[in-house]
Structures are given as C-alpha cells and as structure tokens.
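S.K.: final_35.cif is reproduced below (mmCIF, C-alpha atoms).
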data_protein
loop_
_atom_site.label_atom_id
_atom_site.label_comp_id
_atom_site.auth_asym_id
_atom_site.auth_seq_id
_atom_site.Cartn_x
_atom_site.Cartn_y
_atom_site.Cartn_z
CA MET A 577 15.10 -8.19 12.72
CA LYS A 578 13.86 -7.04 9.31
CA THR A 579 10.25 -5.83 9.33
CA THR A 580 8.12 -3.58 7.16
CA ALA A 581 7.41 0.10 7.76
CA ASP A 582 3.76 -0.68 8.49
CA ALA A 583 4.45 -3.61 10.85
CA HIS A 584 3.34 -1.82 14.02
CA TRP A 585 0.72 0.61 12.79
CA ARG A 586 -2.51 0.29 14.76
CA TRP A 587 -4.76 -1.47 12.27
CA GLN A 588 -8.52 -1.45 12.78
CA SER A 589 -11.45 -2.85 10.83
CA ALA A 590 -13.66 0.20 11.39
CA VAL A 591 -13.98 2.67 8.56
CA PRO A 592 -12.32 5.92 9.60
CA LEU A 593 -14.51 8.94 10.23
CA THR A 594 -12.80 11.40 7.93
CA LEU A 595 -13.62 13.41 4.86
CA PRO A 596 -16.03 11.57 2.53
CA ASN A 597 -13.68 11.78 -0.45
CA LEU A 598 -10.84 10.23 1.52
CA ASN A 599 -13.18 7.43 2.62
CA ASP A 600 -14.05 6.88 -1.03
CA TRP A 601 -10.36 6.40 -1.83
CA LEU A 602 -9.73 4.17 1.20
CA GLN A 603 -12.69 1.88 0.50
CA ASP A 604 -12.29 1.60 -3.28
CA THR A 605 -11.95 -2.10 -4.11
CA GLY A 606 -10.77 -1.52 -7.68
CA SER A 607 -7.27 -0.94 -8.99
CA LEU A 608 -5.61 1.98 -7.20
CA THR A 609 -3.19 2.24 -10.14
CA ALA A 610 -6.06 2.74 -12.58
CA ARG A 611 -7.67 5.35 -10.32
CA LEU A 612 -4.41 7.28 -9.90
CA ARG A 613 -3.90 7.33 -13.67
CA LEU A 614 -7.23 9.19 -14.00
CA HIS A 615 -5.93 12.02 -11.78
CA CYS A 616 -2.57 12.78 -13.34
CA LYS A 617 -0.85 13.26 -16.66
CA GLN A 618 2.10 11.04 -15.79
CA PHE A 619 1.90 8.03 -13.47
CA ARG A 620 5.10 6.33 -12.31
CA VAL A 621 6.19 3.66 -9.85
CA GLN A 622 9.39 4.35 -7.92
CA LEU A 623 10.88 1.17 -6.51
CA LEU A 624 12.27 1.79 -3.03
CA SER A 625 13.33 -1.72 -2.04
CA THR A 626 12.81 -5.43 -2.45
CA ARG A 627 13.76 -7.79 0.36
CA GLU A 628 13.37 -11.45 1.15
CA GLY A 629 13.09 -13.14 4.51
CA VAL A 630 11.20 -10.26 6.12
CA SER A 631 9.89 -11.26 9.55
CA LEU A 632 6.13 -10.88 9.75
CA THR A 633 4.22 -9.65 12.76
CA PRO A 634 1.52 -12.02 14.07
CA SER A 635 -1.07 -9.83 12.34
CA GLN A 636 0.73 -9.99 8.97
CA ALA A 637 1.34 -13.71 9.39
CA HIS A 638 -2.37 -14.22 9.97
CA TRP A 639 -3.16 -12.54 6.63
CA LEU A 640 -0.60 -14.60 4.68
CA GLY A 641 -0.32 -17.84 6.64
CA GLU A 642 3.49 -17.44 6.73
CA THR A 643 6.08 -16.18 9.22
CA HIS A 644 8.47 -14.69 6.64
CA ALA A 645 7.87 -13.11 3.26
CA TYR A 646 9.26 -11.22 0.32
CA CYS A 647 8.67 -7.47 0.59
CA ARG A 648 8.46 -4.84 -2.12
CA GLU A 649 8.16 -1.17 -1.19
CA VAL A 650 7.27 1.51 -3.74
CA LEU A 651 6.04 5.03 -4.13
CA LEU A 652 3.23 5.68 -6.61
CA LEU A 653 3.84 9.09 -8.15
CA CYS A 654 1.42 11.34 -10.00
CA ASP A 655 3.14 14.03 -12.02
CA GLU A 656 6.33 13.25 -10.07
CA GLN A 657 4.67 13.81 -6.67
CA PRO A 658 4.45 10.82 -4.27
CA TRP A 659 0.77 10.17 -3.57
CA ILE A 660 0.96 6.61 -2.20
CA TYR A 661 3.55 4.61 -0.27
CA ALA A 662 2.85 0.89 -0.80
CA SER A 663 4.25 -2.28 0.70
CA SER A 664 3.55 -5.73 -0.75
CA LEU A 665 4.24 -8.96 1.14
CA TYR A 666 4.11 -12.39 -0.48
CA SER A 667 5.40 -15.90 0.18
CA SER A 668 7.85 -18.00 -1.82
CA ALA A 669 4.85 -20.13 -2.90
CA ALA A 670 3.19 -17.00 -4.32
CA LEU A 671 6.41 -16.12 -6.14
CA GLU A 672 6.56 -19.63 -7.64
CA ALA A 673 2.93 -19.39 -8.75
CA LEU A 674 3.33 -15.85 -10.14
CA PRO A 675 7.01 -15.40 -11.08
CA ALA A 676 6.25 -11.91 -12.40
CA LEU A 677 5.97 -10.77 -8.75
CA GLY A 678 9.74 -11.00 -8.48
CA GLY A 679 10.43 -8.96 -11.59
CA LEU A 680 8.01 -6.06 -11.33
CA GLY A 681 10.72 -3.43 -10.92
CA GLN A 682 9.11 -0.08 -11.82
CA LYS A 683 5.82 -1.72 -12.87
CA ALA A 684 2.67 -1.44 -10.76
CA LEU A 685 1.54 -4.53 -8.86
CA GLY A 686 -2.06 -3.66 -9.73
CA GLU A 687 -1.32 -3.95 -13.43
CA LEU A 688 -0.24 -7.56 -12.86
CA LEU A 689 -2.89 -8.72 -10.40
CA PHE A 690 -5.98 -6.91 -11.68
CA LYS A 691 -5.57 -8.63 -15.05
CA HIS A 692 -6.17 -12.01 -13.39
CA PRO A 693 -9.78 -13.11 -14.02
CA GLN A 694 -10.10 -14.78 -10.60
CA LEU A 695 -8.62 -11.98 -8.48
CA VAL A 696 -10.37 -11.46 -5.15
CA ARG A 697 -9.70 -8.67 -2.65
CA SER A 698 -10.24 -9.29 1.06
CA TRP A 699 -11.87 -6.82 3.41
CA PHE A 700 -9.84 -3.77 4.42
CA GLU A 701 -8.16 -2.78 7.65
CA PHE A 702 -7.33 0.88 8.25
CA ALA A 703 -4.74 2.81 10.26
CA GLN A 704 -4.06 6.47 10.86
CA LEU A 705 -0.42 7.22 11.50
CA THR A 706 0.62 9.12 14.59
CA ALA A 707 2.97 12.07 14.28
CA ASP A 708 5.90 9.88 15.40
CA GLU A 709 5.04 7.13 12.88
CA SER A 710 4.74 9.71 10.10
CA GLN A 711 8.12 11.20 10.94
CA GLN A 712 9.75 7.77 11.11
CA LEU A 713 8.24 6.76 7.76
CA VAL A 714 9.53 9.90 6.07
CA LEU A 715 13.02 9.22 7.44
CA GLN A 716 12.91 5.55 6.34
CA VAL A 717 11.18 5.84 3.00
CA HIS A 718 11.45 9.14 1.20
CA PRO A 719 12.37 12.65 2.35
CA HIS A 720 9.73 14.19 0.08
CA LEU A 721 6.80 12.02 1.18
CA PRO A 722 4.11 14.63 1.90
CA VAL A 723 3.08 13.75 5.46
CA SER A 724 2.64 16.34 8.17
CA THR A 725 1.53 16.44 11.77
CA SER A 726 -1.37 18.76 10.88
CA SER A 727 -3.01 16.19 8.59
CA LEU A 728 -1.93 12.71 9.61
CA PRO A 729 -2.24 10.22 6.77
CA TRP A 730 -4.46 7.16 6.63
CA ALA A 731 -3.49 3.73 5.34
CA ARG A 732 -5.35 0.62 4.32
CA ARG A 733 -4.36 -3.00 3.87
CA SER A 734 -5.95 -6.01 2.26
CA VAL A 735 -5.03 -9.25 0.56
CA LEU A 736 -5.18 -9.52 -3.21
CA ALA A 737 -5.58 -13.20 -3.97
CA THR A 738 -5.70 -15.43 -7.01
CA PRO A 739 -6.21 -19.18 -6.71
CA GLU A 740 -2.40 -19.54 -6.82
CA ALA A 741 -1.12 -16.62 -4.73
CA ARG A 742 -1.88 -14.17 -1.92
CA VAL A 743 -0.30 -10.71 -1.60
CA LEU A 744 -0.79 -8.50 1.45
CA VAL A 745 -0.82 -4.91 0.21
CA SER A 746 -0.55 -1.91 2.56
CA GLU A 747 -1.04 1.55 1.08
CA LEU A 748 -0.46 4.89 2.80
CA PHE A 749 -2.44 7.72 1.20
CA CYS A 750 -0.62 11.05 0.85
CA LEU A 751 -3.11 12.56 -1.59
CA PRO A 752 -3.11 16.30 -2.28
CA PRO A 753 -5.46 18.13 0.11
CA ALA A 754 -7.51 19.51 -2.78
CA LEU A 755 -8.29 15.99 -3.99
CA ILE A 756 -9.50 14.90 -0.55
CA ARG A 757 -11.76 17.94 -0.15
CA GLU A 758 -13.34 17.78 -3.65
#
Using the file provided, produce a representation of the structure as structure tokens.

M.R.:
Amino acid sequence: MKTTADAHWRWQSAVPLTLPNLNDWLQDTGSLTARLRLHCKQFRVQLLSTREGVSLTPSQAHWLGETHAYCREVLLLCDEQPWIYASSLYSSAALEALPALGGLGQKALGELLFKHPQLVRSWFEFAQLTADESQQLVLQVHPHLPVSTSSLPWARRSVLATPEARVLVSELFCLPPALIRE
C-alpha cells in the first residue's frame, strides 16, 4: 500500500511548547517559500517524487474528502541545505481545476497557490517526530536531511484551498539551530 512519509505521525491541534522562534515559523500562515527566500541567497526546490493513487489515512481523507490522491514530495533548500521536507496531497478534481499542480517540477507550490486571490489556509495541526520516525524519514527521503535524535523536528500540516481545489500540505522543519534560537 502506497502512503506518504507523514501518514502516521501523531498530529495534534495544540501549538507545541518549544522555542518561540520555532513556534513563529510553525504558525506562520503566509508563504513559506517567500519566508525561506528572505533567509538565504539561493532558494531551490528539489523534487523527490510524484505519485498518483496514494492511499490516504482516515485523517488525510478527512482533510481532502478523498480516499486516494496525487502526492508530490520535495525538499526546500536554502543555499543547498535542506531546510524543509514537504508533502502535498491533492485529488484528481484539484488537478483538473489547477492543471499546473501536475507540472510544478522544481517550482515551489507556494508560488502557484499564493498568487490566487481567493486562497484560504485552514488551521494547522502539528507533530513532533520520534527518533524512529526521524530515522525512517532520513532513510526514505534524503540521506542529508538534517534531523537528529538530540533535536527532534516538528512538522505542521494544513489545507491550502482555492474555490476550485484543495491541497493538503505537510511540512517538516529542519531549520538551522541558529535560526530557531535567534
């Protein structure tokens, strides 16, 4: 059964009690792409995979109103360092309404959706990965993803919606420690 890397993370609606700067990143409702661009000289999207027919967990299905979806997984890199792992799930109806979803390639999803004048973001859910989940993600996604057992990463997810389409976006934050402690 094909699922996403974040399918079984323990999502919660409570804001995590962590460093204030990390909370600021996790709760920012604006474009993550735009914010990342402010913190680096070179921003780049590395496409990891695109898949169709991904089986959704009941939780994911609740967000999208579907049982299967298209999935796009990327790394968002600042100055060639992976800062964010992101997964986007969307239905075939969303792809029909916004065909550009299927051809993003190395382009950022935020650059497509945040241009839409009627874009709405849902509330966030948060998850902190366990050591085992972090290790598994590194093995599945990218050997240089900076996650460690001493500072387990936090993730957030929300739906970005236009009147025509809904996209469930999950983002794992692997920000440099200095940025979190600023």

S.K.: Give me, as CSV, the closest atom pair and its distance (Å, one decimal) for every residue of stretch 582-620 of chain A within a cut-off of 12 Å of stretch 630-639 of chain A, counting all atoms listed in the file, rows sorted by chain and rising number.

M.R.:
residue,atom,partner,partner_atom,distance
A:Asp582,CA,A:Gln636,CA,9.8
A:Ala583,CA,A:Thr633,CA,6.3
A:His584,CA,A:Thr633,CA,8.0
A:Trp585,CA,A:Ser635,CA,10.6
A:Arg586,CA,A:Ser635,CA,10.5
A:Trp587,CA,A:Ser635,CA,9.1
A:Gln588,CA,A:Ser635,CA,11.2

S.K.: Which residue gives the smallest distance to A:Ala707 among A:Leu728, A:Leu689, A:Leu608, A:Leu640, with only C-alpha atoms counted?

M.R.: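 Using only C-alpha atoms, the shortest distance to A:Ala707 belongs to A:Leu728.
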
S.K.: I need the output of the PyMOL selection byres ((chain A and resi 601-604) around 12) for this file as a PDB file with C-alpha atoms, in the coordinates of the input; which residues are they?

M.R.:
ATOM      1  CA  SER A 589     -11.450  -2.850  10.830  1.00  0.00           C
ATOM      2  CA  ALA A 590     -13.660   0.200  11.390  1.00  0.00           C
ATOM      3  CA  VAL A 591     -13.980   2.670   8.560  1.00  0.00           C
ATOM      4  CA  PRO A 592     -12.320   5.920   9.600  1.00  0.00           C
ATOM      5  CA  LEU A 593     -14.510   8.940  10.230  1.00  0.00           C
ATOM      6  CA  THR A 594     -12.800  11.400   7.930  1.00  0.00           C
ATOM      7  CA  LEU A 595     -13.620  13.410   4.860  1.00  0.00           C
ATOM      8  CA  PRO A 596     -16.030  11.570   2.530  1.00  0.00           C
ATOM      9  CA  ASN A 597     -13.680  11.780  -0.450  1.00  0.00           C
ATOM     10  CA  LEU A 598     -10.840  10.230   1.520  1.00  0.00           C
ATOM     11  CA  ASN A 599     -13.180   7.430   2.620  1.00  0.00           C
ATOM     12  CA  ASP A 600     -14.050   6.880  -1.030  1.00  0.00           C
ATOM     13  CA  THR A 605     -11.950  -2.100  -4.110  1.00  0.00           C
ATOM     14  CA  GLY A 606     -10.770  -1.520  -7.680  1.00  0.00           C
ATOM     15  CA  SER A 607      -7.270  -0.940  -8.990  1.00  0.00           C
ATOM     16  CA  LEU A 608      -5.610   1.980  -7.200  1.00  0.00           C
ATOM     17  CA  THR A 609      -3.190   2.240 -10.140  1.00  0.00           C
ATOM     18  CA  ALA A 610      -6.060   2.740 -12.580  1.00  0.00           C
ATOM     19  CA  ARG A 611      -7.670   5.350 -10.320  1.00  0.00           C
ATOM     20  CA  LEU A 612      -4.410   7.280  -9.900  1.00  0.00           C
ATOM     21  CA  TRP A 659       0.770  10.170  -3.570  1.00  0.00           C
ATOM     22  CA  ILE A 660       0.960   6.610  -2.200  1.00  0.00           C
ATOM     23  CA  ARG A 697      -9.700  -8.670  -2.650  1.00  0.00           C
ATOM     24  CA  SER A 698     -10.240  -9.290   1.060  1.00  0.00           C
ATOM     25  CA  TRP A 699     -11.870  -6.820   3.410  1.00  0.00           C
ATOM     26  CA  PHE A 700      -9.840  -3.770   4.420  1.00  0.00           C
ATOM     27  CA  GLU A 701      -8.160  -2.780   7.650  1.00  0.00           C
ATOM     28  CA  PHE A 702      -7.330   0.880   8.250  1.00  0.00           C
ATOM     29  CA  ALA A 703      -4.740   2.810  10.260  1.00  0.00           C
ATOM     30  CA  GLN A 704      -4.060   6.470  10.860  1.00  0.00           C
ATOM     31  CA  PRO A 729      -2.240  10.220   6.770  1.00  0.00           C
ATOM     32  CA  TRP A 730      -4.460   7.160   6.630  1.00  0.00           C
ATOM     33  CA  ALA A 731      -3.490   3.730   5.340  1.00  0.00           C
ATOM     34  CA  ARG A 732      -5.350   0.620   4.320  1.00  0.00           C
ATOM     35  CA  ARG A 733      -4.360  -3.000   3.870  1.00  0.00           C
ATOM     36  CA  SER A 734      -5.950  -6.010   2.260  1.00  0.00           C
ATOM     37  CA  SER A 746      -0.550  -1.910   2.560  1.00  0.00           C
ATOM     38  CA  GLU A 747      -1.040   1.550   1.080  1.00  0.00           C
ATOM     39  CA  LEU A 748      -0.460   4.890   2.800  1.00  0.00           C
ATOM     40  CA  PHE A 749      -2.440   7.720   1.200  1.00  0.00           C
ATOM     41  CA  CYS A 750      -0.620  11.050   0.850  1.00  0.00           C
ATOM     42  CA  LEU A 751      -3.110  12.560  -1.590  1.00  0.00           C
ATOM     43  CA  LEU A 755      -8.290  15.990  -3.990  1.00  0.00           C
ATOM     44  CA  ILE A 756      -9.500  14.900  -0.550  1.00  0.00           C
ATOM     45  CA  ARG A 757     -11.760  17.940  -0.150  1.00  0.00           C
ATOM     46  CA  GLU A 758     -13.340  17.780  -3.650  1.00  0.00           C
TER      47      GLU A 758
END

S.K.: Considering only C-alpha atoms, can you say which of A:Ala684, A:Leu744, A:Ala673, A:Leu736 comes closest to A:Thr580?

M.R.: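 Selected residue with least distance to A:Thr580: A:Leu744.
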
S.K.: Taking the file as shown, what set of residues would the PyMOL selection byres ((chain A and resi 620) around 6) give back, as a VMD selection string?

M.R.: chain A and resid 619 621 653

S.K.: Just how far from atom CA of A:Leu624 is atom CA of A:Val650, in Å to one decimal?

M.R.: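 Going from atom CA of A:Val650 over to atom CA of A:Leu624, I get 5.1 Å.
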